[in-house]
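Asks: Structure file start_10.pdb (PDB, C-alpha atoms) right here:
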ATOM      1  CA  MET W   1      16.853 -13.779 -14.291  1.00  0.00           C
ATOM      2  CA  THR W   2      16.306 -10.121 -13.544  1.00  0.00           C
ATOM      3  CA  ASP W   3      17.092  -7.831 -16.451  1.00  0.00           C
ATOM      4  CA  PRO W   4      20.744  -6.625 -16.232  1.00  0.00           C
ATOM      5  CA  ARG W   5      19.799  -3.107 -17.381  1.00  0.00           C
ATOM      6  CA  THR W   6      17.266  -2.875 -14.546  1.00  0.00           C
ATOM      7  CA  ILE W   7      19.879  -3.974 -12.004  1.00  0.00           C
ATOM      8  CA  ALA W   8      22.293  -1.386 -13.447  1.00  0.00           C
ATOM      9  CA  VAL W   9      19.705   1.362 -12.863  1.00  0.00           C
ATOM     10  CA  TYR W  10      19.295   0.307  -9.234  1.00  0.00           C
ATOM     11  CA  ASP W  11      23.076   0.141  -8.771  1.00  0.00           C
ATOM     12  CA  ALA W  12      23.487   3.627 -10.242  1.00  0.00           C
ATOM     13  CA  ARG W  13      20.543   5.188  -8.401  1.00  0.00           C
ATOM     14  CA  ALA W  14      20.579   3.348  -5.081  1.00  0.00           C
ATOM     15  CA  ASN W  15      21.054   6.504  -3.019  1.00  0.00           C
ATOM     16  CA  ALA W  16      18.246   8.324  -4.839  1.00  0.00           C
ATOM     17  CA  TYR W  17      15.981   5.321  -4.281  1.00  0.00           C
ATOM     18  CA  ALA W  18      16.884   5.199  -0.590  1.00  0.00           C
ATOM     19  CA  ALA W  19      16.045   8.912  -0.285  1.00  0.00           C
ATOM     20  CA  LEU W  20      12.450   8.102  -1.294  1.00  0.00           C
ATOM     21  CA  GLU W  21      12.052   5.867   1.764  1.00  0.00           C
ATOM     22  CA  THR W  22      10.880   7.203   5.119  1.00  0.00           C
ATOM     23  CA  ASP W  23      11.682   6.072   8.628  1.00  0.00           C
ATOM     24  CA  THR W  24       7.978   5.428   9.199  1.00  0.00           C
ATOM     25  CA  PRO W  25       6.850   1.969   8.085  1.00  0.00           C
ATOM     26  CA  ARG W  26       3.962   1.892   5.622  1.00  0.00           C
ATOM     27  CA  PRO W  27       0.622   0.566   6.900  1.00  0.00           C
ATOM     28  CA  SER W  28       0.933  -2.508   4.655  1.00  0.00           C
ATOM     29  CA  LEU W  29       4.255  -3.420   6.295  1.00  0.00           C
ATOM     30  CA  LEU W  30       2.831  -2.911   9.782  1.00  0.00           C
ATOM     31  CA  ALA W  31      -0.134  -5.145   8.912  1.00  0.00           C
ATOM     32  CA  PHE W  32       2.243  -7.812   7.559  1.00  0.00           C
ATOM     33  CA  ILE W  33       4.385  -7.731  10.696  1.00  0.00           C
ATOM     34  CA  ALA W  34       1.330  -7.842  12.979  1.00  0.00           C
ATOM     35  CA  VAL W  35       0.126 -11.238  11.731  1.00  0.00           C
ATOM     36  CA  LEU W  36       3.488 -13.014  11.770  1.00  0.00           C
ATOM     37  CA  PRO W  37       4.473 -15.142  14.750  1.00  0.00           C
ATOM     38  CA  PRO W  38       6.872 -13.530  17.234  1.00  0.00           C
ATOM     39  CA  GLY W  39      10.430 -14.247  16.135  1.00  0.00           C
ATOM     40  CA  GLY W  40       9.194 -15.541  12.773  1.00  0.00           C
ATOM     41  CA  ALA W  41      11.399 -16.016   9.732  1.00  0.00           C
ATOM     42  CA  VAL W  42      10.815 -13.656   6.810  1.00  0.00           C
ATOM     43  CA  LEU W  43      12.270 -13.378   3.320  1.00  0.00           C
ATOM     44  CA  ASP W  44      12.516  -9.784   2.078  1.00  0.00           C
ATOM     45  CA  LEU W  45      12.681 -10.457  -1.663  1.00  0.00           C
ATOM     46  CA  GLY W  46      14.157  -7.399  -3.346  1.00  0.00           C
ATOM     47  CA  CYS W  47      15.018  -5.650  -0.101  1.00  0.00           C
ATOM     48  CA  GLY W  48      16.357  -2.501  -1.757  1.00  0.00           C
ATOM     49  CA  PRO W  49      18.090  -0.245   0.786  1.00  0.00           C
ATOM     50  CA  GLY W  50      16.718  -2.355   3.626  1.00  0.00           C
ATOM     51  CA  SER W  51      14.136  -0.117   5.259  1.00  0.00           C
ATOM     52  CA  ALA W  52      11.377  -2.755   5.382  1.00  0.00           C
ATOM     53  CA  ALA W  53      13.853  -5.384   6.567  1.00  0.00           C
ATOM     54  CA  ALA W  54      15.082  -3.044   9.306  1.00  0.00           C
ATOM     55  CA  HIS W  55      11.508  -2.476  10.520  1.00  0.00           C
ATOM     56  CA  MET W  56      10.880  -6.226  10.524  1.00  0.00           C
ATOM     57  CA  MET W  57      14.083  -6.817  12.486  1.00  0.00           C
ATOM     58  CA  THR W  58      13.095  -4.134  15.019  1.00  0.00           C
ATOM     59  CA  ALA W  59       9.810  -6.025  15.444  1.00  0.00           C
ATOM     60  CA  GLY W  60      11.801  -9.130  16.399  1.00  0.00           C
ATOM     61  CA  LEU W  61      11.545 -11.038  13.117  1.00  0.00           C
ATOM     62  CA  HIS W  62      14.451 -12.972  11.626  1.00  0.00           C
ATOM     63  CA  VAL W  63      14.938 -11.498   8.176  1.00  0.00           C
ATOM     64  CA  ASP W  64      16.651 -13.013   5.147  1.00  0.00           C
ATOM     65  CA  ALA W  65      17.080  -9.902   2.974  1.00  0.00           C
ATOM     66  CA  ILE W  66      18.115 -10.321  -0.653  1.00  0.00           C
ATOM     67  CA  ASP W  67      18.440  -8.026  -3.652  1.00  0.00           C
ATOM     68  CA  ALA W  68      20.016  -8.384  -7.096  1.00  0.00           C
ATOM     69  CA  SER W  69      21.613  -4.921  -6.841  1.00  0.00           C
ATOM     70  CA  GLN W  70      24.994  -4.826  -5.108  1.00  0.00           C
ATOM     71  CA  ALA W  71      24.530  -1.129  -4.308  1.00  0.00           C
ATOM     72  CA  MET W  72      21.163  -1.781  -2.652  1.00  0.00           C
ATOM     73  CA  VAL W  73      22.642  -4.606  -0.590  1.00  0.00           C
ATOM     74  CA  ALA W  74      25.461  -2.285   0.507  1.00  0.00           C
ATOM     75  CA  LEU W  75      22.913   0.318   1.679  1.00  0.00           C
ATOM     76  CA  ALA W  76      20.920  -2.346   3.534  1.00  0.00           C
ATOM     77  CA  ARG W  77      24.062  -3.611   5.254  1.00  0.00           C
ATOM     78  CA  ALA W  78      25.000  -0.043   6.223  1.00  0.00           C
ATOM     79  CA  ARG W  79      21.738   0.188   8.183  1.00  0.00           C
ATOM     80  CA  GLY W  80      22.424  -3.113   9.986  1.00  0.00           C
ATOM     81  CA  VAL W  81      20.453  -5.471   7.754  1.00  0.00           C
ATOM     82  CA  PRO W  82      22.377  -8.688   6.971  1.00  0.00           C
ATOM     83  CA  ALA W  83      21.469  -8.509   3.284  1.00  0.00           C
ATOM     84  CA  ARG W  84      23.018 -10.530   0.495  1.00  0.00           C
ATOM     85  CA  VAL W  85      23.150 -10.325  -3.274  1.00  0.00           C
ATOM     86  CA  ALA W  86      20.696 -12.836  -4.721  1.00  0.00           C
ATOM     87  CA  GLY W  87      17.884 -12.914  -7.236  1.00  0.00           C
ATOM     88  CA  PHE W  88      14.476 -14.444  -7.716  1.00  0.00           C
ATOM     89  CA  ASP W  89      15.954 -17.727  -8.922  1.00  0.00           C
ATOM     90  CA  ASP W  90      17.802 -18.078  -5.619  1.00  0.00           C
ATOM     91  CA  VAL W  91      14.596 -18.566  -3.622  1.00  0.00           C
ATOM     92  CA  ALA W  92      14.731 -22.227  -2.650  1.00  0.00           C
ATOM     93  CA  GLY W  93      13.770 -24.478   0.202  1.00  0.00           C
ATOM     94  CA  THR W  94      10.659 -25.950   1.714  1.00  0.00           C
ATOM     95  CA  ALA W  95       8.718 -24.487   4.628  1.00  0.00           C
ATOM     96  CA  ILE W  96      11.474 -22.156   5.817  1.00  0.00           C
ATOM     97  CA  TYR W  97       9.677 -18.788   6.040  1.00  0.00           C
ATOM     98  CA  ASP W  98       6.667 -17.596   8.004  1.00  0.00           C
ATOM     99  CA  GLY W  99       6.373 -14.718   5.574  1.00  0.00           C
ATOM    100  CA  VAL W 100       7.700 -13.412   2.278  1.00  0.00           C
ATOM    101  CA  TRP W 101       7.719  -9.679   1.585  1.00  0.00           C
ATOM    102  CA  ALA W 102       8.006  -8.890  -2.145  1.00  0.00           C
ATOM    103  CA  SER W 103       7.147  -5.213  -2.375  1.00  0.00           C
ATOM    104  CA  PHE W 104       7.510  -4.045  -5.972  1.00  0.00           C
ATOM    105  CA  SER W 105      10.301  -6.476  -6.766  1.00  0.00           C
ATOM    106  CA  LEU W 106       8.690  -9.285  -8.753  1.00  0.00           C
ATOM    107  CA  LEU W 107       7.363  -6.722 -11.227  1.00  0.00           C
ATOM    108  CA  HIS W 108      10.874  -6.882 -12.701  1.00  0.00           C
ATOM    109  CA  ALA W 109      10.599 -10.633 -13.404  1.00  0.00           C
ATOM    110  CA  SER W 110       9.620 -11.749 -16.867  1.00  0.00           C
ATOM    111  CA  ARG W 111       6.033 -12.838 -17.355  1.00  0.00           C
ATOM    112  CA  THR W 112       7.159 -16.354 -18.295  1.00  0.00           C
ATOM    113  CA  ASP W 113       9.212 -16.635 -15.083  1.00  0.00           C
ATOM    114  CA  LEU W 114       6.520 -15.368 -12.679  1.00  0.00           C
ATOM    115  CA  PRO W 115       4.808 -18.776 -12.252  1.00  0.00           C
ATOM    116  CA  ARG W 116       8.149 -20.410 -11.370  1.00  0.00           C
ATOM    117  CA  HIS W 117       9.063 -17.665  -8.899  1.00  0.00           C
ATOM    118  CA  ILE W 118       5.653 -17.729  -7.223  1.00  0.00           C
ATOM    119  CA  GLY W 119       5.839 -21.518  -7.003  1.00  0.00           C
ATOM    120  CA  ALA W 120       9.244 -21.302  -5.301  1.00  0.00           C
ATOM    121  CA  ILE W 121       7.864 -18.748  -2.847  1.00  0.00           C
ATOM    122  CA  ALA W 122       4.876 -20.970  -2.085  1.00  0.00           C
ATOM    123  CA  ASP W 123       7.242 -23.885  -1.441  1.00  0.00           C
ATOM    124  CA  ALA W 124       9.433 -21.749   0.822  1.00  0.00           C
ATOM    125  CA  LEU W 125       6.479 -20.650   2.956  1.00  0.00           C
ATOM    126  CA  ARG W 126       5.569 -22.640   6.028  1.00  0.00           C
ATOM    127  CA  PRO W 127       1.947 -23.851   6.212  1.00  0.00           C
ATOM    128  CA  GLY W 128      -0.196 -20.812   6.926  1.00  0.00           C
ATOM    129  CA  GLY W 129       2.622 -18.474   5.883  1.00  0.00           C
ATOM    130  CA  LEU W 130       1.935 -15.000   4.547  1.00  0.00           C
ATOM    131  CA  PHE W 131       3.026 -13.663   1.157  1.00  0.00           C
ATOM    132  CA  HIS W 132       2.869  -9.926   0.491  1.00  0.00           C
ATOM    133  CA  ILE W 133       3.286  -8.997  -3.155  1.00  0.00           C
ATOM    134  CA  ALA W 134       3.048  -5.501  -4.601  1.00  0.00           C
ATOM    135  CA  MET W 135       2.939  -5.092  -8.366  1.00  0.00           C
ATOM    136  CA  LYS W 136       2.121  -2.408 -10.911  1.00  0.00           C
ATOM    137  CA  THR W 137      -1.101  -3.229 -12.680  1.00  0.00           C
ATOM    138  CA  GLY W 138      -1.652  -3.072 -16.387  1.00  0.00           C
ATOM    139  CA  THR W 139      -0.779  -5.155 -19.402  1.00  0.00           C
ATOM    140  CA  GLY W 140       2.382  -5.855 -21.326  1.00  0.00           C
ATOM    141  CA  THR W 141       6.056  -5.436 -20.646  1.00  0.00           C
ATOM    142  CA  ARG W 142       7.950  -2.194 -21.148  1.00  0.00           C
ATOM    143  CA  ARG W 143      10.739   0.001 -19.858  1.00  0.00           C
ATOM    144  CA  ASP W 144      10.119   3.056 -17.732  1.00  0.00           C
ATOM    145  CA  PRO W 145      11.760   6.445 -18.467  1.00  0.00           C
ATOM    146  CA  ILE W 146      14.938   5.458 -16.573  1.00  0.00           C
ATOM    147  CA  ASP W 147      15.302   2.062 -18.337  1.00  0.00           C
ATOM    148  CA  ARG W 148      13.891  -0.379 -15.771  1.00  0.00           C
ATOM    149  CA  LEU W 149      11.964  -3.276 -17.305  1.00  0.00           C
ATOM    150  CA  TYR W 150       8.464  -3.832 -15.909  1.00  0.00           C
ATOM    151  CA  THR W 151       6.043  -6.705 -16.296  1.00  0.00           C
ATOM    152  CA  TYR W 152       2.547  -5.334 -15.743  1.00  0.00           C
ATOM    153  CA  VAL W 153      -0.242  -7.673 -14.635  1.00  0.00           C
ATOM    154  CA  THR W 154      -3.952  -7.239 -14.234  1.00  0.00           C
ATOM    155  CA  GLU W 155      -5.483  -7.957 -10.854  1.00  0.00           C
ATOM    156  CA  ALA W 156      -7.186 -11.042 -12.329  1.00  0.00           C
ATOM    157  CA  GLU W 157      -3.912 -12.253 -13.857  1.00  0.00           C
ATOM    158  CA  LEU W 158      -2.065 -11.838 -10.565  1.00  0.00           C
ATOM    159  CA  ARG W 159      -4.827 -13.626  -8.664  1.00  0.00           C
ATOM    160  CA  GLY W 160      -4.573 -16.497 -11.184  1.00  0.00           C
ATOM    161  CA  LEU W 161      -0.787 -16.682 -10.838  1.00  0.00           C
ATOM    162  CA  LEU W 162      -1.071 -16.820  -7.051  1.00  0.00           C
ATOM    163  CA  CYS W 163      -3.813 -19.466  -7.084  1.00  0.00           C
ATOM    164  CA  ASP W 164      -1.975 -21.558  -9.685  1.00  0.00           C
ATOM    165  CA  GLY W 165       1.102 -21.344  -7.450  1.00  0.00           C
ATOM    166  CA  GLY W 166      -0.826 -22.831  -4.525  1.00  0.00           C
ATOM    167  CA  LEU W 167      -1.460 -19.555  -2.689  1.00  0.00           C
ATOM    168  CA  THR W 168      -4.781 -18.109  -1.551  1.00  0.00           C
ATOM    169  CA  PRO W 169      -5.222 -14.349  -1.986  1.00  0.00           C
ATOM    170  CA  VAL W 170      -6.950 -12.878   1.060  1.00  0.00           C
ATOM    171  CA  ASP W 171      -6.599  -9.110   0.736  1.00  0.00           C
ATOM    172  CA  VAL W 172      -6.213  -6.757  -2.210  1.00  0.00           C
ATOM    173  CA  ARG W 173      -5.408  -3.067  -2.035  1.00  0.00           C
ATOM    174  CA  THR W 174      -4.745  -0.584  -4.784  1.00  0.00           C
ATOM    175  CA  GLY W 175      -3.132   2.822  -4.752  1.00  0.00           C
ATOM    176  CA  VAL W 176      -1.070   5.354  -6.643  1.00  0.00           C
ATOM    177  CA  ASP W 177       2.356   6.679  -5.682  1.00  0.00           C
ATOM    178  CA  LYS W 178       5.369   8.296  -7.330  1.00  0.00           C
ATOM    179  CA  GLY W 179       8.410   6.085  -7.781  1.00  0.00           C
ATOM    180  CA  LEU W 180      12.066   6.594  -8.637  1.00  0.00           C
ATOM    181  CA  ALA W 181      11.251   7.590 -12.226  1.00  0.00           C
ATOM    182  CA  GLY W 182       8.949  10.345 -10.921  1.00  0.00           C
ATOM    183  CA  THR W 183       5.859   8.863 -12.552  1.00  0.00           C
ATOM    184  CA  ASP W 184       2.692   7.499 -10.952  1.00  0.00           C
TER     185      ASP W 184
END
Take the structure in the file and write it out as structure tokens.

Replies:
Amino acid sequence: MTDPRTIAVYDARANAYAALETDTPRPSLLAFIAVLPPGGAVLDLGCGPGSAAAHMMTAGLHVDAIDASQAMVALARARGVPARVAGFDDVAGTAIYDGVWASFSLLHASRTDLPRHIGAIADALRPGGLFHIAMKTGTGTRRDPIDRLYTYVTEAELRGLLCDGGLTPVDVRTGVDKGLAGTD
């Protein structure tokens, strides 16, 4: 289960989070969209205010957008994304998605739950499906300055979790950016 204090932060700061988003899709999202089949089914896991889901829908993909924050789901719906309130434990099914987009969402899952969540994602992917995961690297678990709980993983740890979950990592990118808390 996602930490209730983390969800409360996203509920309280949904508009501020949405203001950080741009109308221009990030290169990683464009690359993800480009390799999916036309009209493919995608899970946007932790859709936030729905900007990535909206870009995927514009590209002709069928998007199942979920987030644990009611305020984020409301913002996504306001931009035309049929989002619903759901969490990591609600990912279920076999071979239903061509792609899963989890951009900085699973970093809020507990370390002990990550293998289960990744396994459920692997099950939900169709053969040859694509899983995009973005995480903050490091070690340990701690709260950021605005009270969100983060599980940090090393690149090797994440690779191991993915492989153990039946997935094959094919591309790794790193970068630095400022988030909602204003820190890199």

Asks: Taking the file as shown, find all residues satisfying the PyMOL selection byres ((chain W and resi 54) around 9) and write them as a ChimeraX atom specification.

Replies: /W:50-53,55-59,63,76,79-81

Asks: Once the PyMOL selection byres ((chain W and resi 28-41) around 10) has been evaluated on this model, what residues remain selected, and can you format them as a ChimeraX atom specification?

Replies: /W:24-27,42-44,52-53,55-57,59-64,96-101,103,125-126,128-132,134,173

Asks: Could you tell me, as a VMD selection string, exactly which residues end up selected when the PyMOL selection byres ((chain W and resi 117) around 10) is applied to this structure?

Replies: chain W and resid 88 to 92 106 109 to 110 112 to 116 118 to 123 165

Asks: Could you list, as an MDAnalysis selection string, every residue within 8 Å of Ile146 in chain W, counting all atoms listed in the file and ignoring same-chain residues fewer than 2 positions away?

Replies: chainID W and resid 9 143:144 148 181

Asks: To one decimal in Å, tell me the separation between CA of Ala83 in chain W and CA of Met135 in chain W.

Replies: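 These atoms are spaced 22.2 Å apart.
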
Asks: Kindly give the distance, in Å, that separates CA of Leu149 in chain W and CA of Ala8 in chain W, rounded to a single decimal.

Replies: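 Separation between CA of Leu149 in chain W and CA of Ala8 in chain W: 11.2 Å.
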